[in-house]
Every structure is written in C-alpha cells, then in structure tokens.
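Structure data (CSV, C-alpha atoms) from final19.csv:
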```
chain,number,residue,atom,x,y,z
A,1,MET,CA,-11.2,45.2,-60.5
A,2,PRO,CA,-7.5,46.2,-60.7
A,3,LYS,CA,-5.6,46.1,-64.0
A,4,TYR,CA,-2.2,44.4,-64.4
A,5,SER,CA,0.8,45.4,-66.4
A,6,ASN,CA,3.5,42.9,-67.5
A,7,ALA,CA,6.6,45.0,-68.0
A,8,ALA,CA,8.8,42.1,-66.8
A,9,ASN,CA,7.3,39.8,-69.6
A,10,VAL,CA,6.2,37.1,-67.1
A,11,PRO,CA,5.2,34.0,-69.2
A,12,LEU,CA,1.5,33.7,-69.9
A,13,SER,CA,1.4,30.4,-68.0
A,14,LEU,CA,2.4,32.2,-64.8
A,15,ALA,CA,0.9,35.5,-65.7
A,16,VAL,CA,-2.6,34.1,-65.3
A,17,PHE,CA,-1.7,32.8,-61.8
A,18,LEU,CA,-0.3,36.2,-60.8
A,19,ALA,CA,-3.4,38.0,-62.1
A,20,THR,CA,-5.8,35.8,-60.2
A,21,ASP,CA,-7.0,37.1,-56.9
A,22,ASN,CA,-9.4,34.9,-54.9
A,23,TYR,CA,-9.5,37.2,-51.8
A,24,ASP,CA,-13.1,38.1,-50.7
A,25,TYR,CA,-12.9,41.8,-51.0
A,26,ASN,CA,-15.7,44.2,-50.0
A,27,ASP,CA,-16.1,47.1,-52.3
A,28,ASP,CA,-17.7,49.3,-49.6
A,29,PRO,CA,-15.0,51.9,-48.7
A,30,ARG,CA,-16.4,51.9,-45.1
A,31,HIS,CA,-15.6,48.2,-44.8
A,32,ILE,CA,-12.2,48.0,-43.2
A,33,SER,CA,-10.3,44.7,-42.7
A,34,ALA,CA,-8.2,44.0,-39.6
A,35,THR,CA,-5.0,44.2,-41.7
A,36,SER,CA,-6.0,47.6,-43.2
A,37,LEU,CA,-7.0,49.0,-39.8
A,38,ILE,CA,-3.5,48.7,-38.5
A,39,LYS,CA,-2.1,50.7,-41.4
A,40,PRO,CA,-1.4,54.4,-41.1
A,41,VAL,CA,-4.6,56.6,-41.2
A,42,ARG,CA,-3.2,58.5,-44.2
A,43,GLN,CA,-2.6,55.4,-46.3
A,44,LEU,CA,-6.0,53.9,-45.4
A,45,ILE,CA,-8.0,57.0,-46.3
A,46,LEU,CA,-6.2,58.0,-49.5
A,47,SER,CA,-6.2,54.4,-50.7
A,48,ALA,CA,-10.0,54.4,-50.4
A,49,ARG,CA,-10.2,57.5,-52.7
A,50,ILE,CA,-8.6,55.8,-55.6
A,51,PRO,CA,-11.1,53.9,-57.9
A,52,GLN,CA,-10.0,50.3,-58.2
A,53,ASP,CA,-10.5,50.3,-62.0
A,54,GLU,CA,-7.8,53.0,-62.2
A,55,VAL,CA,-5.3,51.0,-60.3
A,56,SER,CA,-2.5,49.3,-62.4
A,57,ILE,CA,-0.3,46.7,-60.7
A,58,GLU,CA,2.9,45.3,-62.1
A,59,LEU,CA,2.5,41.5,-62.2
A,60,GLU,CA,6.0,40.8,-60.9
A,61,GLN,CA,5.1,42.7,-57.7
A,62,MET,CA,2.4,40.0,-57.0
A,63,ILE,CA,4.8,37.0,-56.7
A,64,SER,CA,5.2,37.0,-52.9
A,65,SER,CA,1.5,37.7,-52.3
A,66,ARG,CA,0.4,34.9,-54.6
A,67,ILE,CA,2.8,32.4,-53.2
A,68,GLY,CA,1.6,33.3,-49.7
A,69,SER,CA,-2.1,32.9,-50.8
A,70,ALA,CA,-1.4,29.6,-52.4
A,71,ILE,CA,0.1,28.2,-49.3
A,72,HIS,CA,-2.8,29.5,-47.2
A,73,ASP,CA,-5.3,27.8,-49.6
A,74,ALA,CA,-3.3,24.5,-49.5
A,75,ILE,CA,-3.3,24.4,-45.7
A,76,GLU,CA,-7.0,25.0,-45.6
A,77,ARG,CA,-7.7,22.3,-48.2
A,78,ALA,CA,-5.5,19.9,-46.3
A,79,TRP,CA,-7.4,20.3,-43.1
A,80,ILE,CA,-10.8,20.2,-44.6
A,81,LYS,CA,-10.3,17.3,-47.0
A,82,ASN,CA,-7.5,15.3,-45.6
A,83,TYR,CA,-6.9,15.9,-41.9
A,84,GLN,CA,-8.0,12.4,-40.8
A,85,THR,CA,-5.6,10.6,-43.1
A,86,ALA,CA,-2.8,13.0,-42.4
A,87,LEU,CA,-3.2,12.7,-38.6
A,88,GLN,CA,-3.2,8.9,-38.9
A,89,SER,CA,0.0,9.0,-40.9
A,90,LEU,CA,1.5,11.3,-38.2
A,91,GLY,CA,0.7,8.6,-35.5
A,92,TYR,CA,-2.3,10.3,-33.7
A,93,PRO,CA,-4.7,7.8,-32.1
A,94,LYS,CA,-8.1,7.3,-33.7
A,95,GLN,CA,-9.9,8.4,-30.6
A,96,VAL,CA,-8.2,11.8,-30.7
A,97,ILE,CA,-8.8,12.2,-34.4
A,98,GLY,CA,-12.4,11.3,-33.9
A,99,ARG,CA,-12.8,14.3,-31.5
A,100,ILE,CA,-11.8,16.9,-34.1
A,101,ARG,CA,-14.5,19.0,-35.7
A,102,ILE,CA,-13.7,21.5,-38.6
A,103,ASN,CA,-15.6,24.8,-38.3
A,104,PRO,CA,-18.3,23.6,-35.9
A,105,ASP,CA,-21.0,25.8,-34.5
A,106,PRO,CA,-19.5,27.1,-31.2
A,107,ALA,CA,-22.8,26.6,-29.4
A,108,GLU,CA,-22.6,22.9,-30.2
A,109,VAL,CA,-19.1,22.2,-29.1
A,110,ALA,CA,-19.1,19.7,-26.3
A,111,ASP,CA,-16.3,19.3,-23.7
A,112,ASN,CA,-14.9,16.2,-25.5
A,113,ILE,CA,-14.7,18.0,-28.9
A,114,ILE,CA,-11.5,19.5,-30.3
A,115,PRO,CA,-12.7,22.5,-32.5
A,116,ILE,CA,-10.6,23.6,-35.5
A,117,TYR,CA,-11.6,26.8,-37.3
A,118,LEU,CA,-10.2,27.9,-40.6
A,119,GLU,CA,-10.5,31.1,-42.6
A,120,GLN,CA,-13.6,32.4,-40.8
A,121,ARG,CA,-14.6,36.0,-41.5
A,122,THR,CA,-16.4,38.0,-38.8
A,123,THR,CA,-17.6,41.6,-38.9
A,124,LYS,CA,-18.4,44.1,-36.2
A,125,GLN,CA,-19.7,47.7,-36.6
A,126,VAL,CA,-17.9,50.6,-34.9
A,127,GLY,CA,-19.3,54.1,-35.6
A,128,ASN,CA,-20.0,54.3,-39.4
A,129,PHE,CA,-17.5,51.6,-40.3
A,130,LEU,CA,-17.6,47.8,-40.5
A,131,ILE,CA,-14.5,46.1,-39.1
A,132,SER,CA,-13.9,42.6,-40.4
A,133,GLY,CA,-11.2,40.0,-40.1
A,134,LYS,CA,-10.5,36.5,-41.4
A,135,PHE,CA,-8.1,34.6,-39.3
A,136,ASP,CA,-5.9,31.7,-40.7
A,137,PHE,CA,-6.4,29.1,-38.1
A,138,VAL,CA,-7.8,28.6,-34.6
A,139,GLY,CA,-7.0,25.4,-32.8
A,140,ASP,CA,-8.3,24.8,-29.2
A,141,GLY,CA,-8.9,28.5,-28.7
A,142,ARG,CA,-5.5,29.8,-29.9
A,143,VAL,CA,-5.3,31.9,-33.1
A,144,GLU,CA,-2.4,31.1,-35.5
A,145,ASP,CA,-1.2,33.1,-38.5
A,146,PHE,CA,0.8,31.7,-41.4
A,147,LYS,CA,3.5,34.0,-42.6
A,148,THR,CA,5.4,33.2,-45.8
A,149,THR,CA,8.3,35.7,-45.5
A,150,SER,CA,12.0,36.3,-45.4
A,151,VAL,CA,14.3,35.3,-42.6
A,152,TYR,CA,15.1,38.9,-42.0
A,153,THR,CA,11.5,39.6,-40.8
A,154,ALA,CA,11.8,36.9,-38.1
A,155,ILE,CA,15.4,37.6,-37.0
A,156,ASN,CA,14.7,41.4,-36.5
A,157,HIS,CA,11.2,41.0,-35.1
A,158,THR,CA,10.3,43.6,-37.8
A,159,ASN,CA,6.5,43.1,-37.7
A,160,ASP,CA,5.9,41.6,-34.2
A,161,GLU,CA,3.8,44.6,-33.1
A,162,LYS,CA,1.6,44.4,-36.2
A,163,TYR,CA,1.2,40.7,-35.7
A,164,ILE,CA,0.1,41.3,-32.1
A,165,LEU,CA,-2.4,44.0,-33.2
A,166,GLN,CA,-3.8,41.8,-36.0
A,167,GLY,CA,-4.2,38.8,-33.7
A,168,SER,CA,-5.8,40.9,-31.0
A,169,ILE,CA,-8.3,42.3,-33.4
A,170,TYR,CA,-9.2,38.7,-34.5
A,171,ARG,CA,-9.8,37.8,-30.8
A,172,TRP,CA,-11.8,41.1,-30.4
A,173,LEU,CA,-14.0,40.0,-33.3
A,174,ASN,CA,-14.2,36.3,-32.2
A,175,PRO,CA,-14.1,36.1,-28.4
A,176,GLN,CA,-16.1,32.8,-28.5
A,177,LEU,CA,-13.6,31.1,-30.8
A,178,ILE,CA,-10.3,32.7,-29.6
A,179,THR,CA,-10.1,32.1,-25.9
A,180,GLN,CA,-6.3,32.0,-25.3
A,181,ASP,CA,-4.3,35.0,-24.4
A,182,GLU,CA,-1.5,34.2,-26.8
A,183,MET,CA,-1.1,33.7,-30.6
A,184,ALA,CA,1.3,31.7,-32.7
A,185,ILE,CA,3.0,33.0,-35.8
A,186,GLN,CA,4.0,30.1,-38.1
A,187,PHE,CA,6.9,31.4,-40.2
A,188,ILE,CA,7.5,29.7,-43.6
A,189,PHE,CA,10.8,31.1,-44.8
A,190,THR,CA,11.2,31.8,-48.5
A,191,ASP,CA,14.9,32.4,-48.4
A,192,TRP,CA,16.1,30.0,-45.7
A,193,SER,CA,19.6,28.6,-46.0
A,194,ALA,CA,20.7,25.3,-44.4
A,195,ALA,CA,24.3,26.4,-44.6
A,196,LYS,CA,23.7,29.6,-42.6
A,197,ALA,CA,21.7,27.6,-40.1
A,198,ARG,CA,24.7,25.4,-39.5
A,199,THR,CA,27.2,28.3,-39.0
A,200,ASP,CA,25.0,30.9,-37.2
A,201,PRO,CA,23.2,30.0,-34.0
A,202,ASN,CA,21.1,33.2,-34.2
A,203,TYR,CA,19.8,32.2,-37.7
A,204,PRO,CA,16.5,30.1,-37.8
A,205,GLN,CA,17.5,26.5,-37.4
A,206,LYS,CA,14.5,25.2,-39.4
A,207,ARG,CA,12.7,26.4,-42.4
A,208,ILE,CA,9.5,26.5,-40.4
A,209,GLN,CA,9.6,28.4,-37.1
A,210,GLN,CA,6.9,29.1,-34.6
A,211,ARG,CA,6.8,32.3,-32.5
A,212,ILE,CA,4.5,32.8,-29.6
A,213,LEU,CA,3.2,36.3,-28.9
A,214,LYS,CA,1.1,37.7,-26.1
A,215,LEU,CA,-2.2,39.3,-27.3
A,216,LYS,CA,-3.5,42.6,-26.0
A,217,SER,CA,-6.6,42.3,-23.8
A,218,ILE,CA,-10.0,42.6,-25.4
A,219,ALA,CA,-10.6,45.9,-23.6
A,220,GLU,CA,-7.3,47.3,-24.8
A,221,THR,CA,-8.0,46.2,-28.3
A,222,ASP,CA,-11.5,47.7,-28.2
A,223,ALA,CA,-10.0,51.0,-27.1
A,224,TYR,CA,-7.4,50.8,-30.0
A,225,VAL,CA,-10.0,50.1,-32.6
A,226,ARG,CA,-12.3,52.9,-31.4
A,227,ARG,CA,-9.4,55.4,-31.3
A,228,LYS,CA,-8.4,54.5,-34.8
A,229,ILE,CA,-12.0,54.7,-36.1
A,230,SER,CA,-12.4,58.1,-34.5
A,231,LEU,CA,-9.4,59.4,-36.4
A,232,ILE,CA,-10.6,57.8,-39.7
A,233,GLU,CA,-14.0,59.4,-39.3
A,234,ARG,CA,-12.4,62.8,-38.5
A,235,TYR,CA,-10.3,62.9,-41.6
A,236,TRP,CA,-12.4,60.7,-44.0
A,237,TYR,CA,-13.6,63.8,-46.0
A,238,ALA,CA,-10.7,66.1,-45.1
A,239,PRO,CA,-8.5,67.6,-47.9
A,240,GLU,CA,-5.4,65.5,-48.5
A,241,GLU,CA,-3.0,68.1,-47.0
A,242,GLU,CA,-4.9,68.0,-43.6
A,243,ILE,CA,-4.7,64.2,-43.1
A,244,PRO,CA,-1.9,63.4,-40.6
A,245,GLU,CA,1.3,62.4,-42.2
A,246,CYS,CA,2.9,59.0,-41.8
A,247,SER,CA,5.5,58.7,-39.0
A,248,ASP,CA,9.1,57.5,-39.5
A,249,ALA,CA,8.0,54.1,-38.3
A,250,ASP,CA,5.1,54.1,-40.8
A,251,LEU,CA,7.5,55.0,-43.5
A,252,TRP,CA,10.0,52.3,-42.6
A,253,ARG,CA,12.7,54.9,-42.3
A,254,SER,CA,16.1,53.6,-41.7
A,255,GLU,CA,18.5,54.9,-39.1
A,256,PRO,CA,20.6,58.0,-40.1
A,257,VAL,CA,24.2,57.5,-41.1
A,258,PHE,CA,26.9,59.9,-40.0
A,259,LYS,CA,29.6,60.1,-42.7
A,260,TYR,CA,33.1,61.2,-41.8
A,261,PHE,CA,35.3,62.9,-44.5
A,262,LYS,CA,38.9,63.3,-43.4
A,263,ASN,CA,39.6,65.6,-46.3
A,264,PRO,CA,36.8,68.1,-46.8
A,265,ALA,CA,38.2,68.8,-50.3
A,266,LYS,CA,37.3,65.3,-51.4
A,267,MET,CA,33.6,64.6,-50.5
A,268,THR,CA,32.8,62.0,-53.2
A,269,ARG,CA,33.4,59.1,-50.8
A,270,SER,CA,33.4,59.1,-47.0
A,271,THR,CA,36.4,58.0,-45.0
A,272,LYS,CA,34.1,56.0,-42.7
A,273,ASN,CA,30.5,55.8,-41.8
A,274,PHE,CA,29.2,55.8,-38.2
A,275,ALA,CA,25.8,54.9,-36.7
A,276,THR,CA,25.9,57.8,-34.2
A,277,ARG,CA,27.1,61.4,-34.3
A,278,GLN,CA,29.1,60.7,-31.1
A,279,GLU,CA,31.2,58.0,-32.8
A,280,ALA,CA,31.8,60.2,-35.8
A,281,ASN,CA,32.8,63.2,-33.7
A,282,GLN,CA,35.2,61.0,-31.7
A,283,ARG,CA,37.0,60.0,-35.0
A,284,LEU,CA,37.0,63.7,-36.0
A,285,ALA,CA,38.7,64.6,-32.7
A,286,GLU,CA,41.2,61.8,-33.1
A,287,ASP,CA,42.2,63.2,-36.5
A,288,GLY,CA,42.7,66.7,-35.1
A,289,PHE,CA,39.4,68.2,-36.3
A,290,VAL,CA,40.7,68.4,-39.9
A,291,GLY,CA,37.7,66.6,-41.3
A,292,VAL,CA,33.9,67.1,-41.4
A,293,VAL,CA,30.9,65.0,-40.3
A,294,VAL,CA,27.9,65.0,-42.6
A,295,GLU,CA,24.5,63.4,-41.4
A,296,GLN,CA,22.7,61.5,-44.0
A,297,PRO,CA,19.0,61.1,-43.0
A,298,GLY,CA,17.5,57.6,-42.9
A,299,GLN,CA,16.0,56.5,-46.2
A,300,VAL,CA,12.2,55.8,-46.6
A,301,THR,CA,11.0,52.6,-48.3
A,302,ALA,CA,7.3,52.1,-47.4
A,303,CYS,CA,6.0,54.6,-49.9
A,304,LYS,CA,7.2,52.3,-52.7
A,305,TYR,CA,4.6,49.7,-51.7
A,306,CYS,CA,1.8,52.1,-50.7
A,307,SER,CA,-1.5,52.0,-52.6
A,308,ALA,CA,-2.1,55.7,-51.8
A,309,PHE,CA,1.1,56.7,-53.7
A,310,PRO,CA,-0.6,58.5,-56.6
A,311,LEU,CA,-2.5,60.9,-54.3
A,312,CYS,CA,0.0,61.5,-51.5
A,313,THR,CA,2.0,64.8,-51.4
A,314,GLN,CA,4.0,63.7,-48.4
A,315,LYS,CA,5.9,61.3,-50.7
A,316,ASP,CA,6.5,64.1,-53.1
A,317,ARG,CA,8.3,66.1,-50.4
A,318,LEU,CA,10.3,63.0,-49.3
A,319,ILE,CA,11.4,62.5,-52.9
A,320,ALA,CA,12.4,66.2,-53.2
A,321,ALA,CA,14.4,65.9,-49.9
A,322,GLY,CA,16.2,62.8,-51.2
A,323,ASP,CA,14.7,60.7,-48.4
A,324,LEU,CA,12.8,58.6,-50.9
A,325,VAL,CA,14.5,57.2,-53.9
A,326,ILE,CA,12.2,55.8,-56.6
```
Representation of the structure as structure tokens:
Amino acid sequence: MPKYSNAANVPLSLAVFLATDNYDYNDDPRHISATSLIKPVRQLILSARIPQDEVSIELEQMISSRIGSAIHDAIERAWIKNYQTALQSLGYPKQVIGRIRINPDPAEVADNIIPIYLEQRTTKQVGNFLISGKFDFVGDGRVEDFKTTSVYTAINHTNDEKYILQGSIYRWLNPQLITQDEMAIQFIFTDWSAAKARTDPNYPQKRIQQRILKLKSIAETDAYVRRKISLIERYWYAPEEEIPECSDADLWRSEPVFKYFKNPAKMTRSTKNFATRQEANQRLAEDGFVGVVVEQPGQVTACKYCSAFPLCTQKDRLIAAGDLVI
C-alpha cells in the first residue's frame, strides 16, 4: 500500500478522496497490465523493484487521476443501474432498449441482442508473465476508452500510438468481445474553452470529442506483446546499468532550440530562437557572421512522473547534463 504526503495542505475532506484508490491491483510483479506493457522496458522493470510500502506520493499529484477514475466509475454505474431510463429519456424505442444486455455471457448472445460490456478484466499468460487488461466499454464489438485529459493531448495527437497499442491489446485479450477493427477514444476535456472554440476552427468545438483509431491486427499485436515480454524476461534480473535506456520519445524530450546571439559578448539573452540550425545560420549569415548560434538540447519531462525515478541512474545523467530540470 503506497503512502501519501500532503505538502500542499489539501483539506481533509478532499484528502481522503485523493488517498482512496479502488483500482484492482495485482501485487504479483509478474502480472503486467496492458497500460504498463506499453511503457518503456526500463521503467517497467525498475518500478517492479521498488517495494510499494516504500513509495510516497504527494496527494496533489493524484488530482487528475482521481477525477478520471471518478468519471469512469460514474459511467459504469449509469449503464448498469440506469441505462433503460436514460435511453428512454434520449428517445430510444423500447424494442431497441429491450435488446440490450449488460455484461452477458458471450456464448449466450443471440443475433437480436445488443451486448454492452463494461470494465471487464481478462488475463493471458505469455512466457513467465501474465498480461491483463480491463477495457472501459465495448458496444456492439467496438472497444471505447474514456480519456479525461487536456485539449493539448487531442490537438497534438500526443498519445494516439499509445491508445492504439492499448486498444489492440484489449482486442488481443478479448477477441470474442472486441470484433471491430477500430476503436473509439472519447475525450472529456478538463480545460476546454468555449471562447477558444468560437475563434479557432482547429480547437475542439465541443467539450466531448470522439476520435476513431484503427487497431493493429491480432497477429501484429501478438508479435508486439511477445517481443516486449522477451525483452522484459531478458533484463528482469539484470543490473540497473544494463537495462536499455529510455529513448527520447519515452522521455518526452522536446525539440532542440537554436539560440542566435548577435553579440557574443552578451550571452545572457538570445537575440532570437529558431527551430532549426539552418534558420539560425541563415540569420547569422544575414548579420555578416558577427554572432554565434548555440544549440540548446530538448528538455526531458517524463522522468518527473516515472515511478522508477528513485532507482534510475539515467535520470541522474540527464539532470547533470541539464536536460532534466527538477
């Protein structure tokens, strides 16, 4: 059981909410969830080496996670306890509502039944590991995932590849339930602005937005899972320094910045910043080569949220190099 700290002095009424975790964890380190499987090998292995009773989490860091969990729980309760009344109020005919079944046995689903599956966990063994996944929602064979997140994530397609991998693993685990080749991401934006929606056509026009993504084939997903498990087994007992380091993509490294200083004697503030060296050198040439161009490497942010942080020496080197600012 993790321990929580409250440096931000969150009021007790909310502190209890933030310190409550209803997720169905499995303490077996060889039990890997679908969301964990898509994490970097280094993060996954080192995190498993940290005893959970030694982990201390700042309560304020749990706000987004707990809000997301609360919304998931509310959606599940609404479908299980109130779907008939809700669908009637939405204008659906009684004959359609009568065909819906919540979490039915797949073997007993007749052609006239509309099956809805919610929060079902499935497990499959690969090598010495158990892979499990609990999807959010499956309706008529299509898996859906509810994401309570910022607008930035949707606009920049930041996590689309992760969403596809996660959804594909759910289908790999549940081929009887998930029969469609596409998944739906249901974004619920936490920072949506109606004013921005009116002035920017590229901004999400509604606070809830659906995105359809193509899943990987079951064969392709199986190959991915087995490759990943092979790597995990190879390095499971390896010394920390031998475990492959996280890539720039894993580290959420930003693009480098090329700073142009017109007067090399005054380097406290750049004259202008450029996204590419070519652009910076062009400005240097325009000024008669009197200045200097300095490359500032992209900054790393993923380490700040990594549960393997205490054991990882890669992060120590990133801090020493100035690429990771804590």
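We find atom CA of His72 of chain A and atom CA of Ala195 of chain A to be spaced 27.4 Å apart.
Distances from A:Tyr170, A:Tyr152, A:Tyr25, A:Trp236 to Asn202 of chain A were compared using all atoms listed in the file, and the smallest one belongs to A:Tyr152.
Take the candidates A:Gln52, A:Phe135, A:Arg101, A:Ser193 and check each one against Asn26 of chain A using all atoms listed in the file; the shortest distance goes to A:Gln52.
Going from atom CA of Lys162 of chain A to atom CA of Arg42 of chain A covers 16.9 Å.
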A:Ile71, A:Pro106, A:Arg66, A:Glu182 ranked by distance to Asn22 of chain A, top pick (using all atoms listed in the file): A:Arg66
Shortest interatomic distance to Ser36 of chain A - which of A:Leu87, A:Ala48, A:Ile97, A:Val138, counting all atoms listed in the file: A:Ala48
Exercise: Thr123 of chain A partners within 10 Å, only C-alpha atoms, chain neighbours under 2 positions left out, as a list of chain:residue names: A:His31, A:Ile32, A:Ser33, A:Ala34, A:Arg121, A:Gln125, A:Val126, A:Leu130, A:Ile131, A:Ser132, A:Gly133, A:Lys134, A:Tyr170, A:Leu173, A:Asn174
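Considering all atoms listed in the file, the residue among A:Asp140, A:Phe129, A:Ile50, A:Gly167 positioned nearest to Asp28 of chain A is A:Phe129.
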